[in-house]
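Please read the structure below before turning to the comments.
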Amino acid sequence: MKTPNLLRSAAILTLFSIVLFSCSKDALPKPDSNDAKTGDVKNLKSHFAPATDDVGYGELQGLITPVEAKYSVTVYNEFYRSEEVFPDERGYVVVTKLEEGTYTVFVHPYNGDYRDFEIRDVRIVRDEITDLGEINF
């Protein structure tokens, strides 16, 4: 005897619901009550794993102006070379997933009124953001 599609679908949905709802939110680590009272977001964040696969890598960020230079940024060392990274409309650029080490940051403006330049010996630390600050051509 065949099970009608509706009953089969209901059985699958029931099984899925059991699995989904058996994951109790009580299994999540709870921050200390003092953290919540003081508003210490840094301590609250430490109780949860990051949602990205960027763990173990560092990041580089900075603001390069003027935006009219229409530049790209490449980060490299003897073992690695990033793809060209382009800034947002305000001139802010972020390079992610950099292994710990020392890098050179190459800035290439596509506007002919500006020249290429490099920032050498930029240290990237694992799980940290290295801020270049604001750089003016």
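Order determines the names: the first chain of the structure tokens is A, the second B, and so forth; residues in each chain are numbered 1 upward, and ligands are numbered 1 upward as they are shown.
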Could you go through stretch 72-135 of chain A and tell me which residues DSSP, when run on the backbone, assigns to strand (DSSP E or B), listing them as a VMD selection string? chain A and resid 72 to 76 81 85 92 to 98 101 to 109 117 to 124 129 to 135
Take the selection from the previous step and output its residues with C-alpha atoms, as a PDB file, in the first residue's frame.
```pdb
ATOM      1  CA  SER A  72      42.844  50.170  -6.309  1.00  0.00           C
ATOM      2  CA  VAL A  73      44.798  48.552  -3.490  1.00  0.00           C
ATOM      3  CA  THR A  74      46.899  45.386  -3.688  1.00  0.00           C
ATOM      4  CA  VAL A  75      48.520  43.847  -0.618  1.00  0.00           C
ATOM      5  CA  TYR A  76      51.498  41.542  -1.033  1.00  0.00           C
ATOM      6  CA  ARG A  81      49.477  38.736  -3.431  1.00  0.00           C
ATOM      7  CA  VAL A  85      40.541  45.773  -3.972  1.00  0.00           C
ATOM      8  CA  TYR A  92      37.193  53.470   2.416  1.00  0.00           C
ATOM      9  CA  VAL A  93      38.941  50.178   1.575  1.00  0.00           C
ATOM     10  CA  VAL A  94      39.116  46.847   3.435  1.00  0.00           C
ATOM     11  CA  VAL A  95      41.334  43.875   2.563  1.00  0.00           C
ATOM     12  CA  THR A  96      40.296  40.683   4.351  1.00  0.00           C
ATOM     13  CA  LYS A  97      41.697  37.196   4.949  1.00  0.00           C
ATOM     14  CA  LEU A  98      45.337  38.182   5.310  1.00  0.00           C
ATOM     15  CA  GLY A 101      52.865  38.699   8.550  1.00  0.00           C
ATOM     16  CA  THR A 102      54.442  41.833   7.119  1.00  0.00           C
ATOM     17  CA  TYR A 103      53.056  43.235   3.873  1.00  0.00           C
ATOM     18  CA  THR A 104      53.489  46.008   1.358  1.00  0.00           C
ATOM     19  CA  VAL A 105      50.348  47.943   0.416  1.00  0.00           C
ATOM     20  CA  PHE A 106      50.405  49.112  -3.203  1.00  0.00           C
ATOM     21  CA  VAL A 107      47.976  51.898  -4.102  1.00  0.00           C
ATOM     22  CA  HIS A 108      47.381  52.452  -7.816  1.00  0.00           C
ATOM     23  CA  PRO A 109      45.296  55.470  -8.906  1.00  0.00           C
ATOM     24  CA  PHE A 117      52.656  54.677  -4.018  1.00  0.00           C
ATOM     25  CA  GLU A 118      53.532  51.938  -1.547  1.00  0.00           C
ATOM     26  CA  ILE A 119      53.310  51.591   2.185  1.00  0.00           C
ATOM     27  CA  ARG A 120      55.933  49.104   3.336  1.00  0.00           C
ATOM     28  CA  ASP A 121      56.291  46.987   6.456  1.00  0.00           C
ATOM     29  CA  VAL A 122      52.601  46.913   7.359  1.00  0.00           C
ATOM     30  CA  ARG A 123      52.206  44.338  10.103  1.00  0.00           C
ATOM     31  CA  ILE A 124      49.089  42.148  10.007  1.00  0.00           C
ATOM     32  CA  ILE A 129      42.233  44.801  12.084  1.00  0.00           C
ATOM     33  CA  THR A 130      45.211  46.910  11.052  1.00  0.00           C
ATOM     34  CA  ASP A 131      44.058  50.474  10.403  1.00  0.00           C
ATOM     35  CA  LEU A 132      46.111  52.571   7.986  1.00  0.00           C
ATOM     36  CA  GLY A 133      44.121  55.636   8.988  1.00  0.00           C
ATOM     37  CA  GLU A 134      43.540  58.335   6.364  1.00  0.00           C
ATOM     38  CA  ILE A 135      46.015  58.613   3.522  1.00  0.00           C
TER      39      ILE A 135
END
```
Considering only C-alpha atoms, can you say which of A:Tyr80, A:Tyr71, A:Pro66, A:Asn136 comes closest to A:Glu100?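 Answer, going by the shortest atom-to-atom distance: A:Tyr80.
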Quick one: everything within 8 Å of A:Val67, counting only C-alpha atoms, minus sequence neighbours fewer than 5 positions away in the same chain. Send it as a PDB file with N, CA and C atoms, in the first residue's frame.
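The resulting file, part.pdb, is reproduced below:
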```pdb
ATOM      1  N   GLU A  89      32.364  54.287  -2.148  1.00  0.00           N
ATOM      2  CA  GLU A  89      32.177  55.638  -2.693  1.00  0.00           C
ATOM      3  C   GLU A  89      32.794  56.741  -1.833  1.00  0.00           C
ATOM      4  N   ARG A  90      33.119  56.427  -0.582  1.00  0.00           N
ATOM      5  CA  ARG A  90      33.734  57.425   0.311  1.00  0.00           C
ATOM      6  C   ARG A  90      35.255  57.339   0.334  1.00  0.00           C
ATOM      7  N   GLY A  91      35.811  56.282  -0.305  1.00  0.00           N
ATOM      8  CA  GLY A  91      37.250  56.102  -0.319  1.00  0.00           C
ATOM      9  C   GLY A  91      37.749  55.102   0.701  1.00  0.00           C
TER      10      GLY A  91
END
```
Quick one: residues within 6 Å of A:Asp127, only C-alpha atoms, excluding same-chain residues fewer than 6 positions away - as a VMD selection string? chain A and resid 56 to 58
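Atom pair atom CA of A:Ile64 / atom CA of A:Asp116: separated by 12.4 Å.
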What is the distance, in Å and to one decimal place, between atom CA of A:Gln61 and atom CA of A:Arg115?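 Spanning atom CA of A:Gln61 to atom CA of A:Arg115 is a straight-line distance of 20.4 Å.
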Could you work out how far atom CA of A:Leu60 lies from atom CA of A:Glu84, giving the answer in Å with one decimal?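 Atom CA of A:Leu60 lies 13.3 Å from atom CA of A:Glu84.
Each of A:Asp113, A:Glu83, A:Phe137, A:Glu128 was checked against A:Leu63 using only C-alpha atoms; the smallest atom-to-atom distance is that of A:Phe137.
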